[in-house]
Amino acid sequence: MKKLFLMLAAATFAANVSAQNTVITSNKFGDNWYVGVNGGVATPMQKYGDNGFMKGFAPNVGLRVGKNLTTVFGLAAEGQAYFLSKSDSKSMMGNKTFINATNVSLLGTFNLSNLFAGYNGEPRSFEVIALGGFGWEHIFGGLSKANALTSKAAIDFAFNLGAAKALQLYIEPAVVFGLDHYSLSAAANALAMNPGTMKYDSRNGLFQLNVGLNYKFGNSNGTHNFAKAQLRDQNEIDQLNAKINELRAESNAKDGKIAADGRTIADLQAQLVACQNKPAPTAKVVVKQNSQLQPIVIFGAGKTSIDAAQYASIEMVAKYMRNHKDAKILIKGYASPEGDEVKNKALADGRAESVKNALIKRYKIAADRITAQGMGATSELSEENDFNRVAMFFDTTVK
């Protein structure tokens, strides 16, 4: 026995070494659960009365619920019921009830394929799984009516089916021993046995062959099974960190430029407000046809909407048109030269139309006194691109 344990320990160590490079995603509480049904027949391990090995059969069905705790080890709870086996209503267990006996077990499961060959990120199409544990049985009716502790040992020859391998079909030979002399097949000849408990006696056991089907529920990793974790080597991590630092430096440089441009715009707006606050000249101003009016409207990059601060310029033009009832205005919209030509033309058109709509809707200037024209992209108004994103006003009144 000592040699057997040493051999198993050595095999386990070798299997762990072979699979040491496979890192599995974490097993959360809700992961790797399954439920299944099974059914088959049982026969006594030893002859008694009219029955014996392969001479008396009891059909059985079972329900199994389990969780795989690792790729090798898991736990399962199983309940099985054994039924009548003869037409004269005398069962293999010596009673006349439709259900002869029930057995509820807690089993440990050991995936021998993964133990000895490692786990490669998904189940194999064929696996060998060992099961073993203890249970509690109840035998119904007659002389053999009893409750007793049981033990079960089994081997599952399992086939994982489907692309997701969520279904597992298995063939399971098993032996079930009653650890009390009033148990399983030995109940029928209990009077002939010596009293005693916790004995693995063939007179007290069944051999059964079942076929079962398990369904594995979906996991948090997006599969129905354990999945291999995605790992990166240190060199790749260092390269990614360097790229992050490079992008962060570029972002900081752009933030600095944006801040500088913001200060320039703020200065220009302050100058504009100062000009707007100057007293209006008392002398009548004569404006020539197509002459440019002083106010301008500045737009943000890629925008046709008017910022709140820019309405001061539009209000000045509206006041001019109220003071000059016959004046007609041409609004020219511009875009900065960077970017796509078609998009810049659309921006220039949109900016001119936005200012025109503001004069009509907000300041109640008649639409027939205003013309909007998009001029497309330009670099001639200013060396700074920010000052090329504008709308300008021209008096087109015929004198």
# chains A, B, ... in the order shown; residues from 1 in each chain; ligands from 1
>>> select_by_dssp(residues="region 220-308 of chain A", states="strand (DSSP E)", output="list of chain:residue names")
A:Ser291, A:Gln292, A:Leu293, A:Gln294, A:Pro295, A:Ile296, A:Val297, A:Ile298
>>> residues_around(residues="Gln292 (chain A)", least_positions_apart="4", cutoff="7 Å", atoms="only C-alpha atoms", output="mmCIF file with N, CA, C and O atoms, in the first residue's frame")
data_model
loop_
_atom_site.group_PDB
_atom_site.id
_atom_site.type_symbol
_atom_site.label_atom_id
_atom_site.label_comp_id
_atom_site.auth_asym_id
_atom_site.auth_seq_id
_atom_site.Cartn_x
_atom_site.Cartn_y
_atom_site.Cartn_z
ATOM 1 N N PHE A 393 -18.541 89.673 -41.786
ATOM 2 C CA PHE A 393 -19.720 90.413 -42.263
ATOM 3 C C PHE A 393 -19.305 91.462 -43.297
ATOM 4 O O PHE A 393 -18.305 92.181 -43.100
ATOM 5 N N PHE A 394 -20.089 91.564 -44.384
ATOM 6 C CA PHE A 394 -19.832 92.565 -45.422
ATOM 7 C C PHE A 394 -21.151 93.267 -45.763
ATOM 8 O O PHE A 394 -22.172 92.615 -45.937
ATOM 9 N N ASP A 395 -21.077 94.587 -45.813
ATOM 10 C CA ASP A 395 -22.270 95.387 -46.195
ATOM 11 C C ASP A 395 -22.353 95.407 -47.715
ATOM 12 O O ASP A 395 -21.443 95.910 -48.400
#
>>> residues_around(residues="region 121-125 of chain A", least_positions_apart="4", cutoff="10 Å", atoms="only C-alpha atoms", output="short mmCIF file (atom, residue, chain, number, x, y, z; two decimals) with all heavy atoms, in the first residue's frame")
data_model
loop_
_atom_site.label_atom_id
_atom_site.label_comp_id
_atom_site.auth_asym_id
_atom_site.auth_seq_id
_atom_site.Cartn_x
_atom_site.Cartn_y
_atom_site.Cartn_z
N THR A 22 0.51 26.10 -17.90
CA THR A 22 -0.89 26.38 -18.21
C THR A 22 -1.53 27.06 -17.01
O THR A 22 -1.70 26.45 -15.96
CB THR A 22 -1.64 25.08 -18.54
OG1 THR A 22 -1.00 24.45 -19.65
CG2 THR A 22 -3.09 25.39 -18.91
N VAL A 23 -1.89 28.32 -17.15
CA VAL A 23 -2.54 29.08 -16.09
C VAL A 23 -4.01 29.20 -16.44
O VAL A 23 -4.37 29.63 -17.53
CB VAL A 23 -1.90 30.48 -15.94
CG1 VAL A 23 -2.60 31.26 -14.83
CG2 VAL A 23 -0.42 30.34 -15.64
N ILE A 24 -4.87 28.78 -15.50
CA ILE A 24 -6.31 28.74 -15.74
C ILE A 24 -6.97 29.97 -15.13
O ILE A 24 -6.54 30.48 -14.10
CB ILE A 24 -6.90 27.45 -15.13
CG1 ILE A 24 -6.18 26.21 -15.70
CG2 ILE A 24 -8.39 27.35 -15.41
CD1 ILE A 24 -6.24 26.09 -17.20
N THR A 25 -8.03 30.44 -15.80
CA THR A 25 -8.78 31.58 -15.26
C THR A 25 -9.39 31.20 -13.91
O THR A 25 -9.62 30.04 -13.61
CB THR A 25 -9.90 31.99 -16.22
OG1 THR A 25 -10.71 30.85 -16.53
CG2 THR A 25 -9.32 32.54 -17.51
N THR A 71 -9.22 21.71 -12.41
CA THR A 71 -9.27 20.89 -13.64
C THR A 71 -9.17 19.41 -13.32
O THR A 71 -9.44 18.58 -14.19
CB THR A 71 -8.13 21.30 -14.58
OG1 THR A 71 -6.88 21.15 -13.91
CG2 THR A 71 -8.30 22.74 -15.03
N SER A 113 -7.43 12.07 -16.73
CA SER A 113 -6.81 12.56 -17.98
C SER A 113 -6.06 13.86 -17.72
O SER A 113 -4.92 14.05 -18.17
CB SER A 113 -7.88 12.76 -19.05
OG SER A 113 -8.53 11.55 -19.35
N ASN A 114 -6.71 14.78 -16.98
CA ASN A 114 -6.04 16.06 -16.67
C ASN A 114 -4.93 15.88 -15.65
O ASN A 114 -3.93 16.59 -15.67
CB ASN A 114 -7.06 17.07 -16.16
CG ASN A 114 -8.04 17.51 -17.23
OD1 ASN A 114 -7.77 17.36 -18.42
ND2 ASN A 114 -9.16 18.06 -16.82
N ALA A 158 -15.85 9.24 -20.29
CA ALA A 158 -16.66 10.41 -20.65
C ALA A 158 -16.31 10.92 -22.04
O ALA A 158 -15.13 10.96 -22.42
CB ALA A 158 -16.47 11.52 -19.63
N PHE A 159 -17.34 11.37 -22.76
CA PHE A 159 -17.19 11.96 -24.08
C PHE A 159 -17.75 13.38 -24.02
O PHE A 159 -18.94 13.56 -23.73
CB PHE A 159 -17.92 11.14 -25.14
CG PHE A 159 -17.45 9.72 -25.24
CD1 PHE A 159 -18.00 8.72 -24.42
CD2 PHE A 159 -16.45 9.36 -26.12
CE1 PHE A 159 -17.56 7.41 -24.49
CE2 PHE A 159 -16.00 8.04 -26.21
CZ PHE A 159 -16.56 7.07 -25.38
N ASN A 160 -16.93 14.38 -24.28
CA ASN A 160 -17.36 15.78 -24.29
C ASN A 160 -17.84 16.14 -25.69
O ASN A 160 -17.08 16.03 -26.67
CB ASN A 160 -16.21 16.69 -23.85
CG ASN A 160 -15.82 16.44 -22.41
OD1 ASN A 160 -16.62 16.64 -21.50
ND2 ASN A 160 -14.59 15.97 -22.19
N LEU A 161 -19.06 16.61 -25.79
CA LEU A 161 -19.73 16.76 -27.08
C LEU A 161 -19.98 18.24 -27.40
O LEU A 161 -20.12 19.07 -26.51
CB LEU A 161 -21.07 16.01 -27.08
CG LEU A 161 -21.02 14.55 -26.64
CD1 LEU A 161 -22.42 13.96 -26.62
CD2 LEU A 161 -20.11 13.74 -27.56
N GLY A 162 -20.06 18.52 -28.70
CA GLY A 162 -20.41 19.85 -29.17
C GLY A 162 -19.21 20.76 -29.29
O GLY A 162 -18.14 20.51 -28.73
N ALA A 164 -18.87 23.73 -28.04
CA ALA A 164 -18.57 24.33 -26.72
C ALA A 164 -18.25 23.27 -25.67
O ALA A 164 -17.85 23.61 -24.56
CB ALA A 164 -19.75 25.18 -26.26
N LYS A 165 -18.44 22.00 -26.00
CA LYS A 165 -18.22 20.89 -25.07
C LYS A 165 -18.98 21.10 -23.76
O LYS A 165 -18.46 20.90 -22.66
CB LYS A 165 -16.73 20.68 -24.82
CG LYS A 165 -15.99 20.26 -26.10
CD LYS A 165 -14.55 19.93 -25.87
CE LYS A 165 -13.89 19.46 -27.17
NZ LYS A 165 -12.47 19.17 -27.02
N ALA A 166 -20.24 21.54 -23.92
CA ALA A 166 -21.10 21.76 -22.76
C ALA A 166 -21.80 20.48 -22.33
O ALA A 166 -22.29 20.38 -21.21
CB ALA A 166 -22.13 22.84 -23.08
N GLN A 168 -21.71 16.30 -21.69
CA GLN A 168 -20.77 15.21 -21.39
C GLN A 168 -21.57 13.90 -21.26
O GLN A 168 -22.38 13.75 -20.36
CB GLN A 168 -20.02 15.50 -20.10
CG GLN A 168 -18.91 14.49 -19.78
CD GLN A 168 -18.19 14.85 -18.51
OE1 GLN A 168 -18.75 14.73 -17.43
NE2 GLN A 168 -16.94 15.31 -18.63
N THR A 223 -17.13 30.55 -21.46
CA THR A 223 -17.20 29.17 -21.95
C THR A 223 -17.97 28.33 -20.94
O THR A 223 -18.46 28.83 -19.93
CB THR A 223 -15.79 28.59 -22.15
OG1 THR A 223 -15.21 28.29 -20.87
CG2 THR A 223 -14.89 29.57 -22.88
N HIS A 224 -18.05 27.03 -21.20
CA HIS A 224 -18.69 26.09 -20.28
C HIS A 224 -17.67 25.27 -19.50
O HIS A 224 -18.05 24.32 -18.81
CB HIS A 224 -19.62 25.15 -21.07
CG HIS A 224 -20.79 25.83 -21.69
ND1 HIS A 224 -22.03 25.88 -21.09
CD2 HIS A 224 -20.90 26.54 -22.85
CE1 HIS A 224 -22.87 26.54 -21.87
NE2 HIS A 224 -22.20 26.96 -22.94
N ASN A 225 -16.39 25.62 -19.62
CA ASN A 225 -15.33 24.84 -19.00
C ASN A 225 -14.25 25.78 -18.48
O ASN A 225 -14.35 27.00 -18.62
CB ASN A 225 -14.73 23.85 -20.02
CG ASN A 225 -15.75 22.88 -20.55
OD1 ASN A 225 -16.10 21.91 -19.90
ND2 ASN A 225 -16.25 23.13 -21.77
N PHE A 226 -13.21 25.22 -17.87
CA PHE A 226 -12.06 26.02 -17.51
C PHE A 226 -11.41 26.56 -18.78
O PHE A 226 -11.35 25.88 -19.80
CB PHE A 226 -11.04 25.17 -16.74
CG PHE A 226 -11.46 24.84 -15.33
CD1 PHE A 226 -12.06 23.63 -15.04
CD2 PHE A 226 -11.26 25.75 -14.31
CE1 PHE A 226 -12.44 23.31 -13.74
CE2 PHE A 226 -11.65 25.45 -13.00
CZ PHE A 226 -12.24 24.23 -12.73
N ALA A 227 -10.89 27.80 -18.72
CA ALA A 227 -10.23 28.41 -19.87
C ALA A 227 -8.82 28.82 -19.48
O ALA A 227 -8.53 29.11 -18.31
CB ALA A 227 -11.02 29.62 -20.37
N LYS A 228 -7.94 28.83 -20.47
CA LYS A 228 -6.55 29.21 -20.24
C LYS A 228 -6.47 30.73 -20.12
O LYS A 228 -7.04 31.47 -20.91
CB LYS A 228 -5.67 28.71 -21.39
CG LYS A 228 -4.18 28.95 -21.19
CD LYS A 228 -3.39 28.54 -22.41
CE LYS A 228 -3.50 27.05 -22.69
NZ LYS A 228 -2.63 26.65 -23.82
N ALA A 229 -5.76 31.22 -19.11
CA ALA A 229 -5.58 32.67 -18.93
C ALA A 229 -4.63 33.21 -19.98
O ALA A 229 -3.68 32.53 -20.40
CB ALA A 229 -5.04 32.96 -17.53
#
>>> closest_residue(among="A:Lys356, A:Lys345, A:Lys152, A:Lys55", to="Ile314 (chain A)", atoms="only C-alpha atoms")
A:Lys356
>>> residues_around(residues="Glu172 (chain A)", least_positions_apart="4", cutoff="8 Å", atoms="only C-alpha atoms", output="PyMOL selection string")
chain A and resi 154-157+209-212
>>> write_last_selection(atoms="N, CA, C and O atoms", output="mmCIF file, in the first residue's frame")
data_model
loop_
_atom_site.group_PDB
_atom_site.id
_atom_site.type_symbol
_atom_site.label_atom_id
_atom_site.label_comp_id
_atom_site.auth_asym_id
_atom_site.auth_seq_id
_atom_site.Cartn_x
_atom_site.Cartn_y
_atom_site.Cartn_z
ATOM 1 N N ALA A 154 -16.281 4.372 -8.683
ATOM 2 C CA ALA A 154 -16.708 4.260 -10.075
ATOM 3 C C ALA A 154 -15.654 4.859 -10.994
ATOM 4 O O ALA A 154 -14.779 5.615 -10.571
ATOM 5 N N ILE A 155 -15.761 4.503 -12.244
ATOM 6 C CA ILE A 155 -14.941 5.086 -13.317
ATOM 7 C C ILE A 155 -15.903 5.568 -14.415
ATOM 8 O O ILE A 155 -16.748 4.800 -14.881
ATOM 9 N N ASP A 156 -15.761 6.845 -14.824
ATOM 10 C CA ASP A 156 -16.539 7.378 -15.930
ATOM 11 C C ASP A 156 -15.670 7.442 -17.177
ATOM 12 O O ASP A 156 -14.582 8.039 -17.156
ATOM 13 N N PHE A 157 -16.150 6.805 -18.243
ATOM 14 C CA PHE A 157 -15.534 6.954 -19.554
ATOM 15 C C PHE A 157 -16.364 8.009 -20.275
ATOM 16 O O PHE A 157 -17.456 7.728 -20.769
ATOM 17 N N LEU A 209 -23.943 -0.797 -13.867
ATOM 18 C CA LEU A 209 -23.453 -0.185 -15.100
ATOM 19 C C LEU A 209 -24.488 0.838 -15.554
ATOM 20 O O LEU A 209 -25.628 0.470 -15.853
ATOM 21 N N ASN A 210 -24.080 2.099 -15.585
ATOM 22 C CA ASN A 210 -24.991 3.190 -15.928
ATOM 23 C C ASN A 210 -24.475 3.978 -17.118
ATOM 24 O O ASN A 210 -23.272 3.998 -17.398
ATOM 25 N N VAL A 211 -25.399 4.639 -17.789
ATOM 26 C CA VAL A 211 -25.090 5.617 -18.833
ATOM 27 C C VAL A 211 -25.677 6.944 -18.375
ATOM 28 O O VAL A 211 -26.824 6.998 -17.913
ATOM 29 N N GLY A 212 -24.903 8.030 -18.485
ATOM 30 C CA GLY A 212 -25.389 9.318 -17.998
ATOM 31 C C GLY A 212 -25.058 10.443 -18.951
ATOM 32 O O GLY A 212 -24.218 10.318 -19.854
#
>>> atom_distance(atom1="CA of Phe57 (chain A)", atom2="CA of Leu149 (chain A)")
21.8 Å
>>> residues_around(residues="Met321 (chain A)", least_positions_apart="3", cutoff="10 Å", atoms="only C-alpha atoms", output="PyMOL selection string")
chain A and resi 315-318+324-329+359+365-366+369+395
>>> select_by_dssp(residues="region 165-396 of chain A", states="helix (DSSP H, G or I)", output="ChimeraX atom specification")
/A:184-192,202-204,234-277,308-323,341-361,367-369,385-388
>>> residues_around(residues="Ala377 (chain A)", least_positions_apart="6", cutoff="7 Å", atoms="only C-alpha atoms", output="number ranges by chain")
A: 334-337, 344-345
>>> closest_residue(among="A:Ile99, A:Leu213, A:Leu330, A:Val35", to="Leu169 (chain A)", atoms="only C-alpha atoms")
A:Leu213
>>> residues_around(residues="Ser354 (chain A)", least_positions_apart="3", cutoff="8 Å", atoms="only C-alpha atoms", output="PyMOL selection string")
chain A and resi 304-306+350-351+357-358
>>> atom_distance(atom1="CA of Phe140 (chain A)", atom2="CA of Thr102 (chain A)")
8.5 Å
